[in-house]
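Heads up: the structure comes next, in structure tokens.
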Amino acid sequence: MRVVAAFAVSLSLLGCGGGSPAPQAQAQPAARGATIEHVLLISVDGLRPELLSPPFVGRLPSFSRLMAGPHTLDARPDPDITVTLPNHLSMLTGRPVLGEGGHGWTDNDDPPAAKHGGTIHARKGSYIPSMFDIAHDRGVATGVFATKTKFWLLEQSYSAAAGAVDTVEPDHGKAKIDMFVHARTSLGLAEHVSDHLRRARGATLDFVHFAAPDAAGHADGWTLEAGSRYVCAVEEVDRALGEILSAIDADADLSGRTAIVLTADHGGGAPAKTHTDRSAPINFRIPLLIWSGDRAASDLLAATPSRPRPAADTNPSVAEPAQPIRNGDAANICLSLLGLPPLPAPAYGGVDAVWAAR
Ligand SMILES: [Zn+2]
């Protein structure tokens with residue numbers, strides 16, 4: 001595995017819009033019938049869905065573009081816990097956090113060393129496959145691009161030492177993640193993702209994590225006011241997304257063949273400057289966007305009757321027969337985009353209906 005520690009120079013944010021904006025991507029029609037070969041699962045940590053509605057979305061051209069496809073601003077994180085690492089593990093394993101079928105990881109700090117139980121499997125007591133397993137075993141190159149060090153848990157859990165034997169011929173080995181990149185800034189991370197995509201030779205599946213909005217929220221609150229530290233951080237991520245979209249547009253091998261699934265681990269603001277109250281709607285309302293080239297925007301939930309829109313003030317338990325679209329659906333949506341089989345995990349009701357909304 002290639003590990004890159006990228007300590008890029010911090011962006012100088014002299015108020016909102018400070019620094020050099022990334023060139024805005026030009027909208028291009030998706031190639032009809034093109035096969036998706038590259039998928040990015042992008043998590044924007046602590047992203048509240050209100051920012052993807054007017055008036056804020058007018059200042060977010062990249063997020064706006066990613067809404068040109070099936071999307072919802074009424075997705076949900078795990079119902080039992082609205083903190084970062086457990087929800088990201090749900091995104092990547094397709095499982096809830098708790099219960100017999102859950103992945104079982106509730107900590108939210110840097111993990112202990114692998115030899116001290118710092119793998120998802122050791123904590124659970126059984127192997128928990130991720131979307132990286134399904135993809136890597138079938139020859140898809142995989143990567144993690146993160147701005148928080150706690151995601152090292154992924155490398156420890158899916159390493160050559162801890163990963164599962166590849167039983168799908170040919171053998172691609174036990175290490176399920178080919179590349180782990182840590183960067184300190186949103187734009188620095190986007191540059192690494194863009195460079196990685198340009199160099200791709202064959203199918204890729206990557207997880208990309210932008211931490212800036214969460215950091216701003218913890219520092220100064222999840223404040224929905226123009227110029228707030230939180231809104232500025234989301235605008236910073238928008239510029240980073242613009243860098244990635246520009247790289248896709250500029251490369252004939254990527255344009256029309258690249259999909260982005262964007263969601264969040266939680267919202268934020270309850271209690272103030274945090275997001276730990278799992279019963280608070282401002283914590284449990286999140287977006288989920290499926291972009292596979294520019295197309296008509298559509299309501300994902302209107303097209304998925306088996307996954308109904310939850311009431312605004314509820315996040316149903318995983319025992320409820322009708323499950324909302326959750327961030328934990330992201331793994332299987334990404335695998336479906338690549339034409340790969342779903343995870344063999346108890347999901348929230350399957351993503352067939354979700355994907356039928358393409
Ligand atoms: Zn978070």
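Naming scheme: A, B, ... for chains in displayed order of the structure tokens; residues 1 onward per chain; ligands 1 onward as shown.
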
Tell me, as a tab-separated table (two decimals) with C-alpha atoms, in the first residue's frame, which residues lie within 12 Å of A:Arg199, counting only C-alpha atoms; anything in the same chain fewer than 2 positions away does not count.
```tsv
chain	number	residue	atom	x	y	z
A	38	HIS	CA	-14.39	5.57	-11.27
A	141	ALA	CA	-7.98	-0.04	-7.22
A	192	HIS	CA	-4.27	14.49	-4.37
A	193	VAL	CA	-7.62	13.05	-5.44
A	194	SER	CA	-7.42	14.80	-8.81
A	195	ASP	CA	-3.88	13.60	-9.42
A	196	HIS	CA	-4.88	10.08	-8.44
A	197	LEU	CA	-7.80	10.06	-10.89
A	201	ARG	CA	-5.40	2.90	-15.30
A	202	GLY	CA	-8.45	0.78	-14.69
A	203	ALA	CA	-11.43	1.03	-12.37
A	204	THR	CA	-11.12	2.89	-9.06
A	247	ALA	CA	-9.91	17.32	-13.28
A	248	ILE	CA	-12.75	15.03	-14.35
A	251	ASP	CA	-9.71	14.16	-18.98
A	253	ASP	CA	-10.89	8.99	-19.75
A	254	LEU	CA	-12.69	10.41	-16.70
```

List as a PDB file with C-alpha atoms, in the first residue's frame the protein and nucleic acid residues lying within 6 Å of ligand 1, with only C-alpha atoms and all ligand atoms counted.
```
ATOM      1  CA  ASP A  45     -18.139  16.023   7.739  1.00  0.00           C
ATOM      2  CA  GLY A  46     -20.977  17.798   9.518  1.00  0.00           C
ATOM      3  CA  VAL A  83     -20.777  10.951  15.664  1.00  0.00           C
ATOM      4  CA  THR A  84     -18.074  10.739  13.053  1.00  0.00           C
ATOM      5  CA  ASP A 214     -17.050  19.842  11.304  1.00  0.00           C
ATOM      6  CA  ASP A 265     -21.864  11.618   8.761  1.00  0.00           C
TER       7      ASP A 265
END
```

Just checking: using only C-alpha atoms, which residue out of A:Val144, A:Ala312, A:Ala164, A:Ala233 ends up closest to A:Leu40?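 The answer is A:Val144, which sits nearest to A:Leu40.
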
A:Thr93 environment, 8 Å, only C-alpha atoms, sequence neighbours closer than 4 positions dropped, as a list in words: Leu89, His103, Ile128, Pro129, Ser130, Met131, Gly328, Ala331, Leu343 and Ala345 of chain A

Same residues, all heavy atoms, saved as a PDB file, in the first residue's frame:
```pdb
ATOM      1  N   LEU A  89     -17.956   4.348   9.265  1.00  0.00           N
ATOM      2  CA  LEU A  89     -17.858   2.891   9.111  1.00  0.00           C
ATOM      3  C   LEU A  89     -19.160   2.320   8.575  1.00  0.00           C
ATOM      4  O   LEU A  89     -19.149   1.343   7.821  1.00  0.00           O
ATOM      5  CB  LEU A  89     -17.468   2.245  10.437  1.00  0.00           C
ATOM      6  CG  LEU A  89     -16.091   2.652  10.963  1.00  0.00           C
ATOM      7  CD1 LEU A  89     -15.773   1.931  12.256  1.00  0.00           C
ATOM      8  CD2 LEU A  89     -15.003   2.400   9.920  1.00  0.00           C
ATOM      9  N   HIS A 103     -21.700  -2.964  12.723  1.00  0.00           N
ATOM     10  CA  HIS A 103     -20.233  -3.119  12.684  1.00  0.00           C
ATOM     11  C   HIS A 103     -19.633  -3.018  14.074  1.00  0.00           C
ATOM     12  O   HIS A 103     -18.518  -3.489  14.314  1.00  0.00           O
ATOM     13  CB  HIS A 103     -19.592  -2.121  11.722  1.00  0.00           C
ATOM     14  CG  HIS A 103     -19.852  -0.673  12.041  1.00  0.00           C
ATOM     15  ND1 HIS A 103     -19.327  -0.039  13.134  1.00  0.00           N
ATOM     16  CD2 HIS A 103     -20.587   0.263  11.386  1.00  0.00           C
ATOM     17  CE1 HIS A 103     -19.711   1.231  13.150  1.00  0.00           C
ATOM     18  NE2 HIS A 103     -20.500   1.442  12.107  1.00  0.00           N
ATOM     19  N   ILE A 128     -15.655  -7.939   9.348  1.00  0.00           N
ATOM     20  CA  ILE A 128     -16.669  -7.020   8.812  1.00  0.00           C
ATOM     21  C   ILE A 128     -16.179  -6.535   7.451  1.00  0.00           C
ATOM     22  O   ILE A 128     -15.314  -5.656   7.371  1.00  0.00           O
ATOM     23  CB  ILE A 128     -16.874  -5.807   9.754  1.00  0.00           C
ATOM     24  CG1 ILE A 128     -17.251  -6.254  11.160  1.00  0.00           C
ATOM     25  CG2 ILE A 128     -17.934  -4.874   9.164  1.00  0.00           C
ATOM     26  CD1 ILE A 128     -18.611  -6.914  11.260  1.00  0.00           C
ATOM     27  N   PRO A 129     -16.685  -7.090   6.377  1.00  0.00           N
ATOM     28  CA  PRO A 129     -16.221  -6.641   5.053  1.00  0.00           C
ATOM     29  C   PRO A 129     -16.719  -5.240   4.735  1.00  0.00           C
ATOM     30  O   PRO A 129     -17.769  -4.814   5.208  1.00  0.00           O
ATOM     31  CB  PRO A 129     -16.826  -7.676   4.099  1.00  0.00           C
ATOM     32  CG  PRO A 129     -18.019  -8.212   4.820  1.00  0.00           C
ATOM     33  CD  PRO A 129     -17.693  -8.159   6.287  1.00  0.00           C
ATOM     34  N   SER A 130     -15.938  -4.548   3.920  1.00  0.00           N
ATOM     35  CA  SER A 130     -16.273  -3.185   3.500  1.00  0.00           C
ATOM     36  C   SER A 130     -16.440  -3.160   1.987  1.00  0.00           C
ATOM     37  O   SER A 130     -16.192  -4.157   1.300  1.00  0.00           O
ATOM     38  CB  SER A 130     -15.137  -2.237   3.890  1.00  0.00           C
ATOM     39  OG  SER A 130     -14.002  -2.505   3.072  1.00  0.00           O
ATOM     40  N   MET A 131     -16.833  -1.987   1.484  1.00  0.00           N
ATOM     41  CA  MET A 131     -16.909  -1.849   0.024  1.00  0.00           C
ATOM     42  C   MET A 131     -15.541  -2.057  -0.615  1.00  0.00           C
ATOM     43  O   MET A 131     -15.449  -2.462  -1.770  1.00  0.00           O
ATOM     44  CB  MET A 131     -17.477  -0.475  -0.360  1.00  0.00           C
ATOM     45  CG  MET A 131     -16.580   0.711  -0.080  1.00  0.00           C
ATOM     46  SD  MET A 131     -17.340   2.255  -0.709  1.00  0.00           S
ATOM     47  CE  MET A 131     -15.903   3.367  -0.636  1.00  0.00           C
ATOM     48  N   GLY A 328     -25.472   5.041   5.435  1.00  0.00           N
ATOM     49  CA  GLY A 328     -25.022   3.655   5.384  1.00  0.00           C
ATOM     50  C   GLY A 328     -25.376   2.939   4.089  1.00  0.00           C
ATOM     51  O   GLY A 328     -24.948   1.802   3.864  1.00  0.00           O
ATOM     52  N   ALA A 331     -22.135   2.675   0.542  1.00  0.00           N
ATOM     53  CA  ALA A 331     -21.241   1.629   0.036  1.00  0.00           C
ATOM     54  C   ALA A 331     -21.902   0.848  -1.088  1.00  0.00           C
ATOM     55  O   ALA A 331     -21.317   0.640  -2.157  1.00  0.00           O
ATOM     56  CB  ALA A 331     -20.842   0.682   1.169  1.00  0.00           C
ATOM     57  N   LEU A 343     -22.572  -5.622  -0.709  1.00  0.00           N
ATOM     58  CA  LEU A 343     -21.994  -6.226   0.486  1.00  0.00           C
ATOM     59  C   LEU A 343     -22.913  -7.304   1.032  1.00  0.00           C
ATOM     60  O   LEU A 343     -24.138  -7.162   0.979  1.00  0.00           O
ATOM     61  CB  LEU A 343     -21.777  -5.155   1.556  1.00  0.00           C
ATOM     62  CG  LEU A 343     -20.556  -4.276   1.346  1.00  0.00           C
ATOM     63  CD1 LEU A 343     -20.742  -2.937   2.027  1.00  0.00           C
ATOM     64  CD2 LEU A 343     -19.321  -4.991   1.886  1.00  0.00           C
ATOM     65  N   ALA A 345     -24.050  -7.862   3.761  1.00  0.00           N
ATOM     66  CA  ALA A 345     -24.402  -7.423   5.109  1.00  0.00           C
ATOM     67  C   ALA A 345     -25.891  -7.129   5.174  1.00  0.00           C
ATOM     68  O   ALA A 345     -26.514  -6.820   4.170  1.00  0.00           O
ATOM     69  CB  ALA A 345     -23.615  -6.166   5.464  1.00  0.00           C
TER      70      ALA A 345
END
```

Going by DSSP on the backbone, which residues of stretch 26-163 of chain A come out as helix (DSSP H, G or I)? List them as a VMD selection string. chain A and resid 49 to 52 56 to 59 61 to 66 84 to 93 114 to 116 120 to 124 131 to 136 149 to 157

Against stretch 58-62 of chain A, which residues of stretch 143-241 of chain A fall within 9 Å? For each one I want the closest pair of atoms and the distance in Å (one decimal), counting only C-alpha atoms, rows by chain and increasing residue number, as a Markdown table.
```
| residue | atom | partner | partner_atom | distance |
| --- | --- | --- | --- | --- |
| A:Val234 | CA | A:Leu60 | CA | 8.2 |
| A:Glu235 | CA | A:Leu60 | CA | 6.3 |
| A:Val237 | CA | A:Ser62 | CA | 8.9 |
| A:Asp238 | CA | A:Ser62 | CA | 5.5 |
| A:Arg239 | CA | A:Ser62 | CA | 7.1 |
| A:Ala240 | CA | A:Ser62 | CA | 8.6 |
| A:Leu241 | CA | A:Ser62 | CA | 5.9 |
```

Output of the above residues as an mmCIF file, in the first residue's frame, restricted to N, CA and C atoms:
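Dumped everything to result-v5.cif:
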```cif
data_model
loop_
_atom_site.group_PDB
_atom_site.id
_atom_site.type_symbol
_atom_site.label_atom_id
_atom_site.label_comp_id
_atom_site.auth_asym_id
_atom_site.auth_seq_id
_atom_site.Cartn_x
_atom_site.Cartn_y
_atom_site.Cartn_z
ATOM 1 N N VAL A 234 -17.772 25.296 4.451
ATOM 2 C CA VAL A 234 -18.481 24.566 3.388
ATOM 3 C C VAL A 234 -18.121 25.169 2.029
ATOM 4 N N GLU A 235 -17.960 26.495 1.967
ATOM 5 C CA GLU A 235 -17.539 27.118 0.706
ATOM 6 C C GLU A 235 -16.117 26.675 0.339
ATOM 7 N N VAL A 237 -14.881 23.721 1.010
ATOM 8 C CA VAL A 237 -15.047 22.381 0.438
ATOM 9 C C VAL A 237 -15.604 22.470 -0.979
ATOM 10 N N ASP A 238 -16.485 23.438 -1.212
ATOM 11 C CA ASP A 238 -17.021 23.610 -2.567
ATOM 12 C C ASP A 238 -15.902 23.901 -3.565
ATOM 13 N N ARG A 239 -14.950 24.725 -3.168
ATOM 14 C CA ARG A 239 -13.816 25.005 -4.059
ATOM 15 C C ARG A 239 -12.980 23.747 -4.295
ATOM 16 N N ALA A 240 -12.828 22.945 -3.259
ATOM 17 C CA ALA A 240 -12.087 21.685 -3.412
ATOM 18 C C ALA A 240 -12.816 20.730 -4.358
ATOM 19 N N LEU A 241 -14.134 20.657 -4.209
ATOM 20 C CA LEU A 241 -14.913 19.820 -5.127
ATOM 21 C C LEU A 241 -14.780 20.338 -6.554
#
```

Between A:His209, A:Arg76, A:Arg198, A:Lys174, which residue has the minimum interatomic distance to A:Gln156, considering only C-alpha atoms?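 Smallest separation from A:Gln156 among the options: A:Lys174.
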
Considering only C-alpha atoms, return as a PyMOL selection string whatever protein or nucleic-acid residues lie within 12 Å of A:Ala311, sequence-local ones (same chain, fewer than 2 positions apart) excluded. chain A and resi 74-76+281+284-285+308-309+313-316+323-324

If we count only C-alpha atoms, what is near stretch 104-113 of chain A at a cut-off of 7 Å, once residues fewer than 4 positions away on the same chain are taken out, given as a PDB file with N, CA and C atoms, in the first residue's frame?
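File produced: result_19.pdb:
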```pdb
ATOM      1  N   THR A  84     -18.778  10.842  14.326  1.00  0.00           N
ATOM      2  CA  THR A  84     -18.074  10.739  13.053  1.00  0.00           C
ATOM      3  C   THR A  84     -17.655   9.325  12.660  1.00  0.00           C
ATOM      4  N   LEU A  85     -16.762   8.736  13.427  1.00  0.00           N
ATOM      5  CA  LEU A  85     -16.163   7.483  12.966  1.00  0.00           C
ATOM      6  C   LEU A  85     -17.191   6.348  12.825  1.00  0.00           C
ATOM      7  N   PRO A  86     -18.091   6.168  13.800  1.00  0.00           N
ATOM      8  CA  PRO A  86     -19.087   5.099  13.624  1.00  0.00           C
ATOM      9  C   PRO A  86     -19.923   5.275  12.357  1.00  0.00           C
ATOM     10  N   VAL A  97     -24.560   0.814  13.248  1.00  0.00           N
ATOM     11  CA  VAL A  97     -23.489   0.732  14.240  1.00  0.00           C
ATOM     12  C   VAL A  97     -23.745  -0.413  15.220  1.00  0.00           C
ATOM     13  N   LEU A  98     -24.957  -0.458  15.785  1.00  0.00           N
ATOM     14  CA  LEU A  98     -25.257  -1.386  16.875  1.00  0.00           C
ATOM     15  C   LEU A  98     -26.037  -2.600  16.379  1.00  0.00           C
ATOM     16  N   GLY A 117      -6.030  -4.429  19.464  1.00  0.00           N
ATOM     17  CA  GLY A 117      -7.470  -4.494  19.201  1.00  0.00           C
ATOM     18  C   GLY A 117      -7.991  -3.392  18.294  1.00  0.00           C
ATOM     19  N   GLY A 118      -7.086  -2.686  17.629  1.00  0.00           N
ATOM     20  CA  GLY A 118      -7.494  -1.555  16.803  1.00  0.00           C
ATOM     21  C   GLY A 118      -7.926  -1.927  15.399  1.00  0.00           C
ATOM     22  N   ILE A 120     -11.660  -3.136  13.191  1.00  0.00           N
ATOM     23  CA  ILE A 120     -13.111  -3.280  13.302  1.00  0.00           C
ATOM     24  C   ILE A 120     -13.470  -4.718  13.653  1.00  0.00           C
ATOM     25  N   ARG A 123     -12.854  -5.738  17.373  1.00  0.00           N
ATOM     26  CA  ARG A 123     -13.876  -5.165  18.266  1.00  0.00           C
ATOM     27  C   ARG A 123     -15.193  -5.933  18.145  1.00  0.00           C
ATOM     28  N   LYS A 124     -15.534  -6.294  16.899  1.00  0.00           N
ATOM     29  CA  LYS A 124     -16.803  -6.989  16.656  1.00  0.00           C
ATOM     30  C   LYS A 124     -16.730  -8.471  17.014  1.00  0.00           C
ATOM     31  N   THR A 149      -6.944  11.882  11.179  1.00  0.00           N
ATOM     32  CA  THR A 149      -6.065  10.733  11.374  1.00  0.00           C
ATOM     33  C   THR A 149      -6.803   9.505  11.900  1.00  0.00           C
ATOM     34  N   LYS A 150      -8.021   9.696  12.436  1.00  0.00           N
ATOM     35  CA  LYS A 150      -8.737   8.546  12.999  1.00  0.00           C
ATOM     36  C   LYS A 150      -9.081   7.517  11.915  1.00  0.00           C
ATOM     37  N   LEU A 153      -7.852   3.785  11.187  1.00  0.00           N
ATOM     38  CA  LEU A 153      -8.571   2.551  11.533  1.00  0.00           C
ATOM     39  C   LEU A 153      -8.879   1.724  10.280  1.00  0.00           C
TER      40      LEU A 153
END
```

From the set A:Arg257, A:Lys273, A:Arg138, A:Arg278, which residue has the shortest atom-to-atom contact distance to A:Tyr230, counting only C-alpha atoms? A:Lys273

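Closest approach to A:Phe151 from the set A:Val57, A:Ala219, A:Leu92, A:Ala175 is made by A:Leu92, with distances taken over only C-alpha atoms.
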
So that I can see what lies close to A:Ala146, please list as a list of chain:residue names the residues with an atom at most 10 Å from it, counting only C-alpha atoms and leaving out residues fewer than 5 positions away in the same chain.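 Final neighbour list, sorted by chain and number: A:Ile42, A:Ser43, A:Phe151, A:Trp152, A:Phe180, A:Val181, A:His182, A:Ala183, A:Arg184, A:Thr185, A:Ser186, A:Leu189, A:Phe207, A:Val208, A:His209, A:Phe210, A:Ala211.
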
Based on the selection just made, write N, CA, C and O atoms of those residues as a short mmCIF file (atom, residue, chain, number, x, y, z; two decimals), in the first residue's frame.
```cif
data_model
loop_
_atom_site.label_atom_id
_atom_site.label_comp_id
_atom_site.auth_asym_id
_atom_site.auth_seq_id
_atom_site.Cartn_x
_atom_site.Cartn_y
_atom_site.Cartn_z
N ILE A 42 -17.70 10.60 -1.31
CA ILE A 42 -17.22 11.81 -0.64
C ILE A 42 -18.09 12.08 0.57
O ILE A 42 -19.31 12.20 0.46
N SER A 43 -17.46 12.19 1.74
CA SER A 43 -18.16 12.59 2.95
C SER A 43 -17.71 14.00 3.34
O SER A 43 -16.52 14.27 3.47
N PHE A 151 -9.04 7.94 10.65
CA PHE A 151 -9.36 7.01 9.57
C PHE A 151 -8.26 5.98 9.34
O PHE A 151 -8.41 5.09 8.50
N TRP A 152 -7.18 6.12 10.10
CA TRP A 152 -6.16 5.08 10.04
C TRP A 152 -6.75 3.74 10.47
O TRP A 152 -6.22 2.68 10.13
N PHE A 180 -3.45 5.20 0.97
CA PHE A 180 -4.01 6.00 2.06
C PHE A 180 -3.32 7.36 2.04
O PHE A 180 -2.09 7.44 2.15
N VAL A 181 -4.10 8.41 1.86
CA VAL A 181 -3.54 9.76 1.79
C VAL A 181 -4.15 10.59 2.91
O VAL A 181 -5.38 10.64 3.06
N HIS A 182 -3.29 11.25 3.68
CA HIS A 182 -3.77 12.20 4.69
C HIS A 182 -3.29 13.59 4.30
O HIS A 182 -2.11 13.80 4.02
N ALA A 183 -4.20 14.52 4.22
CA ALA A 183 -3.85 15.92 3.94
C ALA A 183 -4.50 16.80 4.99
O ALA A 183 -5.52 16.43 5.58
N ARG A 184 -3.93 17.97 5.19
CA ARG A 184 -4.44 18.85 6.25
C ARG A 184 -5.48 19.83 5.74
O ARG A 184 -6.22 20.39 6.53
N THR A 185 -5.52 20.06 4.46
CA THR A 185 -6.46 21.06 3.94
C THR A 185 -7.38 20.44 2.90
O THR A 185 -7.05 19.45 2.25
N SER A 186 -8.52 21.07 2.71
CA SER A 186 -9.49 20.58 1.73
C SER A 186 -8.89 20.64 0.33
O SER A 186 -9.00 19.67 -0.45
N LEU A 189 -6.18 18.06 -0.22
CA LEU A 189 -6.74 16.73 -0.42
C LEU A 189 -7.30 16.59 -1.84
O LEU A 189 -7.08 15.58 -2.51
N PHE A 207 -12.60 6.57 -1.15
CA PHE A 207 -13.32 7.29 -0.10
C PHE A 207 -12.58 8.59 0.17
O PHE A 207 -11.36 8.59 0.38
N VAL A 208 -13.31 9.69 0.15
CA VAL A 208 -12.72 11.02 0.32
C VAL A 208 -13.45 11.73 1.45
O VAL A 208 -14.68 11.83 1.43
N HIS A 209 -12.69 12.21 2.43
CA HIS A 209 -13.30 12.81 3.62
C HIS A 209 -12.82 14.25 3.82
O HIS A 209 -11.62 14.50 3.97
N PHE A 210 -13.78 15.19 3.82
CA PHE A 210 -13.47 16.59 4.08
C PHE A 210 -13.94 16.96 5.48
O PHE A 210 -15.14 16.92 5.78
N ALA A 211 -13.01 17.34 6.34
CA ALA A 211 -13.32 17.58 7.75
C ALA A 211 -13.65 19.04 8.08
O ALA A 211 -14.16 19.32 9.17
#
```

From A:Ala302, A:Ile134, A:Leu335, A:Ala319, residue lying nearest A:Pro96 [only C-alpha atoms]: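 Residue with the minimum atom-to-atom distance to A:Pro96: A:Ala319.
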
If we count only C-alpha atoms and set the cut-off at 8 Å, which residues sit around A:Thr82, ignoring sequence neighbours fewer than 5 positions away in its own chain? Please answer as a list of chain:residue names. A:Pro77, A:Asn87, A:Asp265, A:His266, A:His275, A:Thr276, A:Asp277, A:Arg278, A:Asn283, A:Phe284

Write to file, as a short mmCIF file (atom, residue, chain, number, x, y, z; two decimals), in the first residue's frame, the residues of the selection just made, with C-alpha atoms.
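Written file, result.cif:
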```cif
data_model
loop_
_atom_site.label_atom_id
_atom_site.label_comp_id
_atom_site.auth_asym_id
_atom_site.auth_seq_id
_atom_site.Cartn_x
_atom_site.Cartn_y
_atom_site.Cartn_z
CA PRO A 77 -27.24 8.86 9.62
CA ASN A 87 -21.12 6.72 10.83
CA ASP A 265 -21.86 11.62 8.76
CA HIS A 266 -24.14 13.98 10.72
CA HIS A 275 -23.65 16.96 17.30
CA THR A 276 -23.97 14.26 19.92
CA ASP A 277 -27.75 14.53 20.54
CA ARG A 278 -28.99 11.78 18.25
CA ASN A 283 -27.95 16.55 13.87
CA PHE A 284 -29.71 13.77 11.96
#
```

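Among A:Val318, A:Gly102, A:Gly188, A:Ala200, the residue with the shortest atom-to-atom distance to A:Thr147, counting only C-alpha atoms, is A:Gly188.
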
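A straight line drawn from atom CA of A:Ile260 to atom CA of A:Phe56 is 21.2 Å long.
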